[in-house]
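K.L.:
Quick one: this structure, given as structure tokens, is what I'll be asking you about.
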Number of protein chains: 2
Amino acid sequence: MNATVGELGEREVLARVLARLSPSASARLGPGDDCAVLGFEGDAVVTTDTMIEGPDFRLAWHDGFELGWKLAATNLSDVAAMGARPTALTVALAVPHETPVDLLERIARGLDAACRQLAPGCGVIGGDLGRAPVVTASVTALGDLEGRPPVTRSGARPGDRVAYAGQLGLAGLGLSLLFAEAADPDGTAHSRSLPALRRAYPAAVAAQLAPEPPIALGAAAADAGATAMMDVSDSLSIDADRLARASGVTVDLDALLLERGFGVQHGAAVPIGAMLTGGEDHGLLATFPASAALPHGFLPIGAVRDIDSGSAAAPGIRLDGGALDPAGWDPYTVRPPGS
Amino acid sequence: MNATVGELGEREVLARVLARLSPSASARLGPGDDCAVLGFEGDAVVTTDTMIEGPDFRLAWHDGFELGWKLAATNLSDVAAMGARPTALTVALAVPHETPVDLLERIARGLDAACRQLAPGCGVIGGDLGRAPVVTASVTALGDLEGRPPVTRSGARPGDRVAYAGQLGLAGLGLSLLFAEAADPDGTAHSRSLPALRRAYPAAVAAQLAPEPPIALGAAAADAGATAMMDVSDSLSIDADRLARASGVTVDLDALLLERGFGVQHGAAVPIGAMLTGGEDHGLLATFPASAALPHGFLPIGAVRDIDSGSAAAPGIRLDGGALDPAGWDPYTVRPPGS
């Protein structure tokens, strides 16, 4: 039952993994040949991301299913952020020989479930299985712009509204909770208190281990006239600053709008510090012309201003018109839900 | 000058690596946003492959340039084998902190040079840089079928000619030479005798470290009516057997044709055992209707027969009508060039 990858051999492991995967609706030819074949209605978007055991995830915290889910979700959000519909993933997995095959099957089920729930029609079209000292997963995601022009980071214009869709700060809260409650003093992850942590902070832990970015809203934002868009992977302050610099504008975030829109998420209180500095939510940050109706799911969080207005001398972010340093994950205070 | 990846930081390393890369002619938007954007004339083909230090390559043998070259070449050949023109690569590199930045720059130069020489117009459109215990590189290659239907493994028909383009057995000879002359008795690679080995066996060593598959011949074979095609990565006997089984036919290889076409390559004598069992040449194995003229660069090596002809009872390979076991790399006898 719990055979290892080394015992079973590549061919049998691949067969078991493939059995967990649903096809891509855009695939004209699936796995099994030298390449898969995909049809596109418009231009294609491509992104790639690697997650490595140790720096990027810890198997003491991530169940295989959640790991597969997160692998898919984080790549799908990059596709969505261009205004494209995700159509296919390729997955290169490399694992130690002593890895239970079961882990790979769970990863495959998580990849498949995330595609089905977050981006119906998208599926794994190909991959590769190899040997590595630690679990290493590289995912490449492909999407179809379906005739839409891509939405880049550089199109925000003064007067645009700034909006966000998805969870904000929850994944960062989850990470700080995990480090506080499910790691030894030297930072080594353990799973002893994980069940209790999942019960006490279900939304934050789930956001960190298996985030659910609003993938379908990427194409919706493009259709609604989004002028710029990106997924928030490092933190809202860091990524909004990048968008501002790429567009040559000031992105002025509004604390009251952030508090109103994202102060309570799934029953959990999220402080504004967590919203600004927490990473890995993979929600969509977008700018829209003031005249555009925001697509359902996006909430306003600020405004795009000219860099000459106020005291801002260079492109970048501000909070309520004042200075704000872009910052990523920090040990900010964690408040229990409802406090 | 010899800064490490850890000293320099991800942003500066990426900037140095990107500076080594030429754009893809199909890219509508290159690296720097959440995704790159690519245009396709026809259906797209996608393949992915990972090379990991240890099982897949040894830095004692591979110069960084050669490693980048091989990473590109082995993926480009999968694209070519579908009858497509390679248009873009994404590259996910993960390395230890103490890796010299110089190595990554050389890998980038090798990737770029291989694209320019083997598949003009193809370029790296995106990637990812991470941390791993050993050098880990995942490449995804994309190609454009430009309106052609894909050439799969399963279309070979009785009466077709079997042909091959590229080096055959040379890369396997190179590997056995490297293990014989540039490895300690326990198999640990070293570079002490590498310069002498490169001088004595330039073609075989180069074929192993930086193969030059005939990428442009993939689309040419499709245009010439190829009924089935694949790249030979494991060995001619193993991969021809796969093609035969996928097509439900017998692939009957002809020793005289193999000897005549591939007995001497770049001045090096290649025994038929090496042709049949050597891997990693990444040349193109294809079948063509008897009436078709073979594209320049393909040489005939056998015929497709019905599984009912002769004594073959199931699909698979034969040599001169007789039994042949599919086999990969083996310590076959190595003959010096010209002997």
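Following the order of the structure tokens, first chain is A, next is B, and so on, with residues numbered from 1 inside each chain and ligands from 1 in the order they appear.
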Tell me, as a PyMOL selection string, which residues lie within 7 Å of Glu53 (chain A), counting only C-alpha atoms; anything in the same chain fewer than 6 positions away does not count.

P.N.:
chain A and resi 134-136

K.L.:
For chain B, work out the contacting residues on chain A at 6 Å, counting only C-alpha atoms, and write them as a list in words.

P.N.:
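Only these qualify: Asp34, Cys35, Ala36, Val37, Leu38, Gly39, Asp43, Ala44, Val45, Val46, Thr47, Thr48, Asp49, Asp78, Gly127 and Asp128 of chain A.
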
K.L.:
Restricting the calculation to only C-alpha atoms, which member of B:Arg109, B:Arg85, B:Arg260, B:Arg192 is positioned closest to Arg16 (chain B)?

P.N.:
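Under the stated criterion, the closest residue is B:Arg109.
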
K.L.:
Quick one: pick out all strand (DSSP E or B) residues within region 220-310 of chain A from a backbone DSSP run and write them as a list in words.

P.N.:
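Output for region 220-310 of chain A, strand (DSSP E or B) only: Ala228, Met229, Met230, Asp231, Thr250, Val251, Asp252, Leu253, Val264, Gln265, Ala268, Ala269, Leu284, Leu285, Ala286, Thr287, Phe288, Leu299, Pro300, Ile301, Gly302, Ala303, Val304 and Arg305 of chain A.
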
K.L.:
For a test of reading the model, state the distance in Å between CA of Asp102 (chain B) and CA of Arg245 (chain A), rounded to one decimal.

P.N.:
29.5 Å

K.L.:
Looking at only C-alpha atoms, which of B:Gly261, B:Gly68, B:Gly166, B:Gly267 is the one that sits closest to Leu217 (chain B)?

P.N.:
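The answer is B:Gly166, which sits nearest to Leu217 (chain B).
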
K.L.:
Can you list, as a compact mmCIF listing (two decimals) with all heavy atoms, in the first residue's frame, every protein, DNA or RNA residue that comes within 8 Å of Ser22 (chain B) when you count only C-alpha atoms, leaving out same-chain residues fewer than 6 positions away?

P.N.:
# COMPACT_ATOMS: atom_id res chain seq x y z
N ASP B 112 20.71 30.11 -24.67
CA ASP B 112 20.51 31.07 -25.75
C ASP B 112 21.20 30.61 -27.04
O ASP B 112 20.62 30.68 -28.13
CB ASP B 112 21.06 32.43 -25.31
CG ASP B 112 20.64 33.54 -26.26
OD1 ASP B 112 19.42 33.73 -26.40
OD2 ASP B 112 21.51 34.17 -26.86
N GLY B 123 13.26 31.47 -28.12
CA GLY B 123 14.00 32.11 -27.05
C GLY B 123 13.35 31.84 -25.71
O GLY B 123 12.23 31.34 -25.64
N VAL B 124 14.07 32.19 -24.65
CA VAL B 124 13.54 32.01 -23.29
C VAL B 124 12.59 33.17 -23.00
O VAL B 124 12.96 34.33 -23.11
CB VAL B 124 14.69 31.99 -22.26
CG1 VAL B 124 14.12 31.89 -20.85
CG2 VAL B 124 15.63 30.82 -22.54

K.L.:
Can you tell me, as a VMD selection string, which residues in region 13-257 of chain B count as helix (DSSP H, G or I) by DSSP?

P.N.:
chain B and resid 13 to 18 64 to 80 101 to 118 170 to 181 194 to 200 202 to 209 216 to 223 236 to 247 255 to 257

K.L.:
Using only C-alpha atoms, determine which residues lie at most 8 Å from region 179-182 of chain B, disregarding the query and same-chain residues fewer than 4 positions distant; provide the list as a PyMOL selection string.

P.N.:
chain B and resi 175+187+189-194+197

K.L.:
Those residues with N, CA and C atoms, as a compact mmCIF listing (two decimals), in the first residue's frame please?

P.N.:
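File produced: result34.txt:
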# COMPACT_ATOMS: atom_id res chain seq x y z
N LEU B 175 29.11 8.99 -22.97
CA LEU B 175 28.85 8.71 -21.55
C LEU B 175 29.71 7.56 -21.05
N GLY B 187 32.32 5.65 -9.25
CA GLY B 187 31.40 6.32 -10.16
C GLY B 187 31.36 7.83 -10.00
N ALA B 189 32.15 11.45 -10.59
CA ALA B 189 32.74 12.14 -11.73
C ALA B 189 33.87 13.06 -11.28
N HIS B 190 34.92 13.14 -12.08
CA HIS B 190 35.96 14.16 -11.86
C HIS B 190 36.34 14.74 -13.20
N SER B 191 37.06 15.84 -13.16
CA SER B 191 37.37 16.52 -14.42
C SER B 191 38.84 16.43 -14.77
N ARG B 192 39.63 15.62 -14.01
CA ARG B 192 41.08 15.60 -14.22
C ARG B 192 41.45 15.20 -15.64
N SER B 193 40.82 14.14 -16.16
CA SER B 193 41.21 13.67 -17.50
C SER B 193 40.26 14.18 -18.58
N LEU B 194 39.39 15.12 -18.21
CA LEU B 194 38.39 15.59 -19.18
C LEU B 194 39.02 16.29 -20.39
N LEU B 197 40.32 13.69 -22.70
CA LEU B 197 39.22 12.92 -23.28
C LEU B 197 38.54 13.72 -24.39

K.L.:
Between CA of Thr87 (chain B) and CA of Gly218 (chain B), what is the distance, to one decimal in Å?

P.N.:
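A separation of 13.3 Å between them.
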
K.L.:
Rounded to one decimal, what separation in Å do you get between CA of Gly159 (chain B) and CA of Ala216 (chain B)?

P.N.:
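About the pair CA of Gly159 (chain B) and CA of Ala216 (chain B): they are 25.7 Å apart.
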